[in-house]
Amino acid sequence: MARADHFDVIIIGTGAGGGTLAYKLAPSGKRILLLERGGYVPREKDNWSTKAVNLEGKYQTKEVWLDSNGDPLHPHTNYYVGGNTKFYGAALFRLRREDFGEIKHSGGISPAWPISYEDIEPYYTQAERLYHVHGQRGEDPTEPPASAPYPHPPVSHEPRIQHLSDDFARLGLRPFHTPLGVMLDEQNPHKSRCIRCETCDGHPCLVYAKSDAQVLCVDPALEHPNVTLLTNAYVSRLETSPSGREVTTVIVQRNGATEAYSANIVVVSCGAINSTALLLRSANDKHPRGLANGSDVVGRHYMGHVNSVLMAISKCLNPTVFQKSLSVNDFYFGSKEWSYPMGHISFVGKLDRDTLRAGAPAIAPGFTLDLMAKHSLDFWLTSEDLPDPDNRVTLDREGNIVLAYQPNNEEGHQRLIAKLKDLMQQQTKCQEHAHECHVGLFARSLFIGQRIPLAGVAHQNGTIRFGRDPKTSALDVNCKAHEVDNLYVVDASFFPSSGAVNPALTIMANALRVGDHLLKRLR
Ligand SMILES: Cc1cc2nc3c(=O)[nH]c(=O)nc-3n(C[C@H](O)[C@H](O)[C@H](O)COP(=O)(O)OP(=O)(O)OC[C@H]3O[C@@H](n4cnc5c(N)ncnc54)[C@H](O)[C@@H]3O)c2cc1C
Ligand code: SF4
């Protein structure tokens, strides 16, 4: 085993959490090693091919996990520099202020966080700047108070989406511009890095205009001579001192060889499922249930949101190219008829025939997949799932990841779907085609919905929760392991509850918050 240098900080994983932390710590001059199991996403035309990306899963890991029945699970996740932010839809939301407190859902309690919204607010503002978020304050009825405006104006709606937004407003809702991390300059299109294409959500950005952790954090961090990145460096195990109180060695598999590194501070940021797997693999005499797992919470409380894609197919074509500009949060905390939270309505990137073939929904009568895609508005609905200790990541005897998950808190989600169906049936005449969009070919509008299956682990979080009580959490409020003095976790695992908006901005903001703590500690 080759023994390499000692570092001040090792960060394992370069996604939303690890990449952002690297950016924050880089100017300190401290010696920082980034270990990333993947390489760079190759820049090639296939980046923007829906056939390559969605149908053939070209960039997705080929790793196989297991579900609770022992059946194979092909996770929709990606191992690259920048992590899943290379592929995300870049909808960058703050959690609501209320999400930090306890919230009663129809399916149970969403627990409070050990920090308040006010504690993390300055870091949300920093993260919005760092990730070039485009948005408009004051539109979203549930948005929390912010200490600064969005750094960039909102991404404008194309006509079909503007029409829908106007319709929603006429029905008494407060639709708003989705906060988006794309480097789009609509005032100076010739200078804009982003060309506003249809292959954003789920795709890497060929022209590096998406606000991802590689482009905006890892690459700039590497300009500092004190920061080193090793790619294709899979961390297989963390070893501790005899007391178990500090990580002494980080074991890495790279280029067919085993290497060992050490650091004063070790930060795990492999994503909520892989960070769990790493801690469980690192069990030893002092940590028999897995590293930092005296509480037995590591791997438990897995959450991933209750998500659905709902296609509303109408007689009108939907010629929208960039569809993800509109959101609705009016039912986030409930409605007049239902006092429990329902969730968030927004869009996925425009679906096309090849994407539909990958997860083929029922074909609408008289339609082909191609025709369906051309006539659909493609909604993304998210509701909160609650942290159930039995929804859990474990390892089998061979070390394979096992993901056991029973959906919960589903009634709010079903009610959200019903709300959207109802709203879509009340649409006005289509301004473009001068007829009723949602009558004509069909007696009524046609909705085709698909719940995201277990393999859809895009929003994974919650498995290594932070908290004040070491009996019920693995990390303290600074995301340091209660039981290990130099071990931190900064990916989505620290969430004690997940709210119903997309998670990445909260992961980024928290990494900046933990970064401040680490800078003080490293002084
Ligand atoms: C298609 C898609 C669309 C999405 N859209 C949105 C969106 O619009 N808005 C939003 O907020 N969120 C979105 N998400 C979710 C968002 O991308 C994630 O929440 C976020 O990237 C998670 O950050 P993380 O730091 O926890 O993990 P990741 O970003 O997944 O980073 C983990 C990193 O660790 C590396 N790693 C794993 N194991 C090891 C190991 N053993 N050794 C070394 N390295 C390792 C991985 O390769 C990866 O680089 C989307 C995700 C997907 C897949
Ligand atoms: S050019 Fe813009 S819309 Fe297209 S993938 Fe890149 S960031 Fe997304």
# chains A, B, ... in the order shown; residues from 1 in each chain; ligands from 1
call {"tool": "residues_near_ligand", "arguments": {"ligand": "ligand 1", "cutoff": "6 Å", "atoms": "only C-alpha atoms and all ligand atoms", "output": "MDAnalysis selection string"}}
result
chainID A and resid 12:18 35:38 77 79:85 87:92 201:202 233:236 269:272 274 458:459 491:492 502:505
call {"tool": "residues_near_ligand", "arguments": {"ligand": "ligand 2", "cutoff": "12 Å", "atoms": "only C-alpha atoms and all ligand atoms", "output": "PyMOL selection string"}}
result
chain A and resi 45-50+85-91+131-134+155+180-186+189+192-212+215+321-325+349-350
call {"tool": "write_last_selection", "arguments": {"atoms": "C-alpha atoms", "output": "compact mmCIF listing (two decimals), in the first residue's frame"}}
result
# COMPACT_ATOMS: atom_id res chain seq x y z
CA LYS A 45 -22.66 15.67 -28.25
CA ASP A 46 -24.32 12.83 -26.33
CA ASN A 47 -24.52 15.19 -23.33
CA TRP A 48 -27.58 16.63 -25.03
CA SER A 49 -28.98 13.43 -26.53
CA THR A 50 -32.16 12.27 -24.79
CA THR A 85 -25.38 18.58 -9.84
CA LYS A 86 -23.93 17.77 -13.28
CA PHE A 87 -27.34 16.29 -14.10
CA TYR A 88 -29.75 18.20 -11.94
CA GLY A 89 -32.51 20.51 -13.11
CA ALA A 90 -30.90 23.38 -11.14
CA ALA A 91 -34.17 24.41 -9.44
CA TYR A 131 -24.77 29.27 -7.97
CA HIS A 132 -26.09 32.25 -10.01
CA VAL A 133 -29.70 31.75 -9.01
CA HIS A 134 -32.23 33.56 -11.23
CA VAL A 155 -35.88 33.10 -16.29
CA LEU A 180 -32.95 28.46 -11.38
CA GLY A 181 -29.18 28.06 -11.47
CA VAL A 182 -28.48 28.58 -15.15
CA MET A 183 -26.03 31.21 -16.43
CA LEU A 184 -28.57 32.80 -18.72
CA ASP A 185 -28.40 36.47 -19.73
CA GLU A 186 -31.64 37.23 -21.53
CA PRO A 189 -28.30 36.84 -25.60
CA SER A 192 -25.19 34.48 -22.58
CA ARG A 193 -23.40 31.27 -21.70
CA CYS A 194 -26.73 29.44 -21.46
CA ILE A 195 -28.56 28.98 -24.75
CA ARG A 196 -31.82 27.93 -23.10
CA CYS A 197 -32.09 24.46 -24.55
CA GLU A 198 -34.52 21.59 -23.98
CA THR A 199 -31.90 19.17 -22.63
CA CYS A 200 -31.08 20.69 -19.23
CA ASP A 201 -32.93 18.69 -16.57
CA GLY A 202 -31.24 15.27 -16.30
CA HIS A 203 -28.44 16.18 -18.75
CA PRO A 204 -24.95 17.55 -18.29
CA CYS A 205 -24.53 21.00 -19.84
CA LEU A 206 -22.28 20.75 -22.88
CA VAL A 207 -21.45 24.46 -22.78
CA TYR A 208 -20.83 24.61 -19.00
CA ALA A 209 -23.68 27.07 -18.45
CA LYS A 210 -25.48 25.12 -15.75
CA SER A 211 -24.61 26.15 -12.21
CA ASP A 212 -23.12 22.86 -11.16
CA VAL A 215 -17.96 24.37 -12.97
CA VAL A 321 -38.16 24.54 -25.27
CA PHE A 322 -37.16 25.40 -21.68
CA GLN A 323 -40.14 24.32 -19.62
CA LYS A 324 -38.86 24.51 -16.04
CA SER A 325 -39.59 28.19 -15.44
CA GLY A 349 -37.58 19.44 -18.64
CA LYS A 350 -39.67 19.01 -21.79
call {"tool": "residues_around", "arguments": {"residues": "Leu420 (chain A)", "least_positions_apart": "5", "cutoff": "9 Å", "atoms": "only C-alpha atoms", "output": "list in words"}}
result
Ile345, Arg415 and Gln425 of chain A
call {"tool": "write_last_selection", "arguments": {"atoms": "all heavy atoms", "output": "PDB file, in the first residue's frame"}}
result
ATOM      1  N   ILE A 345     -45.632  22.145  -6.814  1.00  0.00           N
ATOM      2  CA  ILE A 345     -45.866  21.815  -8.230  1.00  0.00           C
ATOM      3  C   ILE A 345     -44.862  22.585  -9.068  1.00  0.00           C
ATOM      4  O   ILE A 345     -44.717  23.797  -8.921  1.00  0.00           O
ATOM      5  CB  ILE A 345     -47.298  22.229  -8.660  1.00  0.00           C
ATOM      6  CG1 ILE A 345     -48.355  21.487  -7.828  1.00  0.00           C
ATOM      7  CG2 ILE A 345     -47.500  21.978 -10.157  1.00  0.00           C
ATOM      8  CD1 ILE A 345     -49.789  21.923  -8.098  1.00  0.00           C
ATOM      9  N   ARG A 415     -53.844  14.295  -3.069  1.00  0.00           N
ATOM     10  CA  ARG A 415     -54.689  15.502  -3.109  1.00  0.00           C
ATOM     11  C   ARG A 415     -54.049  16.583  -3.983  1.00  0.00           C
ATOM     12  O   ARG A 415     -54.746  17.350  -4.638  1.00  0.00           O
ATOM     13  CB  ARG A 415     -54.933  16.022  -1.691  1.00  0.00           C
ATOM     14  CG  ARG A 415     -55.926  15.164  -0.937  1.00  0.00           C
ATOM     15  CD  ARG A 415     -56.084  15.642   0.483  1.00  0.00           C
ATOM     16  NE  ARG A 415     -57.054  14.836   1.187  1.00  0.00           N
ATOM     17  CZ  ARG A 415     -58.340  15.142   1.335  1.00  0.00           C
ATOM     18  NH1 ARG A 415     -58.812  16.268   0.835  1.00  0.00           N
ATOM     19  NH2 ARG A 415     -59.159  14.347   1.983  1.00  0.00           N
ATOM     20  N   GLN A 425     -58.378  21.511 -15.763  1.00  0.00           N
ATOM     21  CA  GLN A 425     -59.678  21.454 -16.435  1.00  0.00           C
ATOM     22  C   GLN A 425     -60.360  22.817 -16.496  1.00  0.00           C
ATOM     23  O   GLN A 425     -61.336  22.983 -17.213  1.00  0.00           O
ATOM     24  CB  GLN A 425     -60.565  20.412 -15.758  1.00  0.00           C
ATOM     25  CG  GLN A 425     -60.329  19.060 -16.374  1.00  0.00           C
ATOM     26  CD  GLN A 425     -60.641  17.901 -15.462  1.00  0.00           C
ATOM     27  OE1 GLN A 425     -61.022  18.089 -14.312  1.00  0.00           O
ATOM     28  NE2 GLN A 425     -60.479  16.697 -15.974  1.00  0.00           N
TER      29      GLN A 425
END
call {"tool": "select_by_dssp", "arguments": {"residues": "region 130-241 of chain A", "states": "strand (DSSP E or B)", "output": "PyMOL selection string"}}
result
chain A and resi 133-134+152+176-177+180-182+210+227-230+233-240
call {"tool": "select_by_dssp", "arguments": {"residues": "region 284-514 of chain A", "states": "helix (DSSP H, G or I)", "output": "number ranges by chain"}}
result
A: 353-358, 369-375, 410-425, 492-494, 504-514
call {"tool": "residues_around", "arguments": {"residues": "region 293-302 of chain A", "least_positions_apart": "3", "cutoff": "6 Å", "atoms": "only C-alpha atoms", "output": "compact mmCIF listing (two decimals) with N, CA, C and O atoms, in the first residue's frame"}}
result
# COMPACT_ATOMS: atom_id res chain seq x y z
N THR A 276 -23.61 6.73 3.85
CA THR A 276 -24.03 5.70 4.80
C THR A 276 -23.22 4.43 4.58
O THR A 276 -22.69 3.83 5.52
N ARG A 289 -21.30 -0.98 15.06
CA ARG A 289 -22.47 -0.88 14.17
C ARG A 289 -22.19 0.00 12.95
O ARG A 289 -23.09 0.34 12.21
N GLY A 290 -20.93 0.39 12.79
CA GLY A 290 -20.59 1.33 11.73
C GLY A 290 -20.01 2.58 12.38
O GLY A 290 -20.37 2.94 13.50
N PRO A 387 -39.57 10.92 7.93
CA PRO A 387 -38.43 10.07 8.28
C PRO A 387 -38.84 8.85 9.10
O PRO A 387 -39.07 8.96 10.31
N ASP A 388 -38.93 7.72 8.47
CA ASP A 388 -39.31 6.46 9.11
C ASP A 388 -38.03 5.67 9.39
O ASP A 388 -37.25 5.42 8.46
N PRO A 389 -37.78 5.29 10.64
CA PRO A 389 -36.52 4.58 10.94
C PRO A 389 -36.36 3.29 10.15
O PRO A 389 -35.24 2.81 9.95
N ASN A 391 -37.22 2.92 6.98
CA ASN A 391 -36.79 3.24 5.61
C ASN A 391 -35.29 3.46 5.68
O ASN A 391 -34.82 4.45 6.23
N ARG A 392 -34.56 2.53 5.11
CA ARG A 392 -33.21 2.35 5.62
C ARG A 392 -32.22 1.87 4.57
O ARG A 392 -32.56 1.04 3.73
N VAL A 393 -31.00 2.37 4.67
CA VAL A 393 -29.88 1.88 3.85
C VAL A 393 -29.04 0.94 4.71
O VAL A 393 -28.62 1.33 5.81
N GLY A 462 -31.23 12.35 4.50
CA GLY A 462 -31.75 12.01 5.83
C GLY A 462 -31.10 10.87 6.57
O GLY A 462 -31.47 10.59 7.71
N THR A 463 -30.13 10.19 5.99
CA THR A 463 -29.64 8.94 6.57
C THR A 463 -28.60 9.10 7.68
O THR A 463 -28.30 8.14 8.39
N ILE A 464 -28.03 10.30 7.80
CA ILE A 464 -27.03 10.52 8.87
C ILE A 464 -27.41 11.85 9.53
O ILE A 464 -26.68 12.83 9.46
N LYS A 471 -28.09 10.42 21.13
CA LYS A 471 -28.86 9.16 21.12
C LYS A 471 -29.74 9.06 19.88
O LYS A 471 -30.13 7.98 19.45
N THR A 472 -30.10 10.23 19.31
CA THR A 472 -31.05 10.20 18.19
C THR A 472 -30.47 10.81 16.91
O THR A 472 -31.18 10.96 15.92
call {"tool": "atom_distance", "arguments": {"atom1": "CA of Gln450 (chain A)", "atom2": "CA of Val309 (chain A)"}}
result
5.4 Å
call {"tool": "atom_distance", "arguments": {"atom1": "CA of Gly138 (chain A)", "atom2": "CA of Thr382 (chain A)"}}
result
21.6 Å
call {"tool": "residues_around", "arguments": {"residues": "region 51-55 of chain A", "least_positions_apart": "2", "cutoff": "6 Å", "atoms": "only C-alpha atoms", "output": "ChimeraX atom specification"}}
result
/A:46,49,57-58,354-355,358
call {"tool": "write_last_selection", "arguments": {"atoms": "N, CA and C atoms", "output": "PDB file, in the first residue's frame"}}
result
ATOM      1  N   ASP A  46     -23.351  13.658 -27.068  1.00  0.00           N
ATOM      2  CA  ASP A  46     -24.317  12.835 -26.333  1.00  0.00           C
ATOM      3  C   ASP A  46     -24.791  13.492 -25.036  1.00  0.00           C
ATOM      4  N   SER A  49     -28.139  14.398 -25.828  1.00  0.00           N
ATOM      5  CA  SER A  49     -28.983  13.426 -26.526  1.00  0.00           C
ATOM      6  C   SER A  49     -29.920  12.769 -25.516  1.00  0.00           C
ATOM      7  N   GLY A  57     -29.223   5.503 -20.653  1.00  0.00           N
ATOM      8  CA  GLY A  57     -28.590   5.719 -19.343  1.00  0.00           C
ATOM      9  C   GLY A  57     -27.079   5.779 -19.432  1.00  0.00           C
ATOM     10  N   LYS A  58     -26.589   6.446 -20.472  1.00  0.00           N
ATOM     11  CA  LYS A  58     -25.143   6.425 -20.770  1.00  0.00           C
ATOM     12  C   LYS A  58     -24.272   6.865 -19.598  1.00  0.00           C
ATOM     13  N   ASP A 354     -38.023   9.834 -26.883  1.00  0.00           N
ATOM     14  CA  ASP A 354     -37.018   8.918 -26.333  1.00  0.00           C
ATOM     15  C   ASP A 354     -37.076   8.868 -24.811  1.00  0.00           C
ATOM     16  N   THR A 355     -37.309  10.023 -24.207  1.00  0.00           N
ATOM     17  CA  THR A 355     -37.412  10.047 -22.742  1.00  0.00           C
ATOM     18  C   THR A 355     -38.638   9.244 -22.314  1.00  0.00           C
ATOM     19  N   ALA A 358     -38.163   5.536 -22.259  1.00  0.00           N
ATOM     20  CA  ALA A 358     -37.380   5.021 -21.133  1.00  0.00           C
ATOM     21  C   ALA A 358     -38.268   4.601 -19.959  1.00  0.00           C
TER      22      ALA A 358
END
call {"tool": "decode", "arguments": {"residues": "region 102-113 of chain A", "atoms": "all heavy atoms", "output": "compact mmCIF listing (two decimals), in the first residue's frame"}}
result
# COMPACT_ATOMS: atom_id res chain seq x y z
N GLU A 102 -41.28 21.87 13.69
CA GLU A 102 -42.07 20.65 13.55
C GLU A 102 -43.34 20.95 12.77
O GLU A 102 -43.99 21.96 13.02
CB GLU A 102 -42.41 20.14 14.96
CG GLU A 102 -43.11 18.81 14.97
CD GLU A 102 -43.35 18.33 16.40
OE1 GLU A 102 -42.37 17.95 17.07
OE2 GLU A 102 -44.51 18.36 16.83
N ILE A 103 -43.70 20.09 11.84
CA ILE A 103 -44.92 20.30 11.05
C ILE A 103 -45.75 19.02 11.08
O ILE A 103 -45.23 17.91 10.90
CB ILE A 103 -44.60 20.65 9.57
CG1 ILE A 103 -43.83 21.98 9.50
CG2 ILE A 103 -45.88 20.76 8.75
CD1 ILE A 103 -43.56 22.46 8.09
N LYS A 104 -47.06 19.23 11.33
CA LYS A 104 -47.97 18.09 11.37
C LYS A 104 -48.46 17.77 9.96
O LYS A 104 -49.03 18.64 9.29
CB LYS A 104 -49.16 18.45 12.27
CG LYS A 104 -49.66 17.31 13.06
CD LYS A 104 -50.63 17.77 14.11
CE LYS A 104 -51.39 16.55 14.58
NZ LYS A 104 -52.64 16.88 15.20
N HIS A 105 -48.23 16.57 9.52
CA HIS A 105 -48.73 16.11 8.22
C HIS A 105 -49.86 15.10 8.46
O HIS A 105 -49.97 14.55 9.55
CB HIS A 105 -47.62 15.40 7.43
CG HIS A 105 -46.60 16.34 6.87
ND1 HIS A 105 -46.44 16.55 5.53
CD2 HIS A 105 -45.67 17.13 7.47
CE1 HIS A 105 -45.47 17.43 5.32
NE2 HIS A 105 -44.98 17.80 6.49
N SER A 106 -50.62 14.79 7.40
CA SER A 106 -51.68 13.80 7.59
C SER A 106 -51.06 12.45 7.95
O SER A 106 -51.66 11.66 8.66
CB SER A 106 -52.53 13.68 6.34
OG SER A 106 -51.76 13.15 5.29
N GLY A 107 -49.83 12.19 7.49
CA GLY A 107 -49.20 10.90 7.75
C GLY A 107 -48.32 10.88 8.99
O GLY A 107 -47.68 9.86 9.25
N GLY A 108 -48.23 11.96 9.73
CA GLY A 108 -47.38 11.99 10.93
C GLY A 108 -46.65 13.31 11.06
O GLY A 108 -47.04 14.32 10.48
N ILE A 109 -45.57 13.29 11.82
CA ILE A 109 -44.85 14.52 12.15
C ILE A 109 -43.58 14.64 11.32
O ILE A 109 -42.79 13.71 11.22
CB ILE A 109 -44.46 14.52 13.65
CG1 ILE A 109 -45.70 14.51 14.54
CG2 ILE A 109 -43.54 15.69 14.01
CD1 ILE A 109 -46.50 15.80 14.52
N SER A 110 -43.38 15.81 10.75
CA SER A 110 -42.09 16.15 10.15
C SER A 110 -41.28 16.84 11.24
O SER A 110 -41.63 17.94 11.68
CB SER A 110 -42.30 17.09 8.96
OG SER A 110 -41.08 17.69 8.61
N PRO A 111 -40.19 16.21 11.70
CA PRO A 111 -39.50 16.76 12.89
C PRO A 111 -38.76 18.07 12.61
O PRO A 111 -38.39 18.36 11.48
CB PRO A 111 -38.53 15.65 13.27
CG PRO A 111 -38.36 14.80 12.07
CD PRO A 111 -39.59 14.96 11.23
N ALA A 112 -38.53 18.81 13.70
CA ALA A 112 -37.81 20.09 13.62
C ALA A 112 -36.33 19.86 13.39
O ALA A 112 -35.79 18.81 13.73
CB ALA A 112 -38.02 20.86 14.91
N TRP A 113 -35.67 20.85 12.84
CA TRP A 113 -34.21 20.84 12.69
C TRP A 113 -33.59 21.42 13.97
O TRP A 113 -34.24 22.21 14.68
CB TRP A 113 -33.81 21.69 11.49
CG TRP A 113 -34.09 21.05 10.16
CD1 TRP A 113 -35.19 20.30 9.82
CD2 TRP A 113 -33.27 21.10 8.99
NE1 TRP A 113 -35.10 19.88 8.52
CE2 TRP A 113 -33.93 20.36 7.97
CE3 TRP A 113 -32.05 21.69 8.70
CZ2 TRP A 113 -33.39 20.20 6.69
CZ3 TRP A 113 -31.52 21.53 7.41
CH2 TRP A 113 -32.18 20.79 6.44
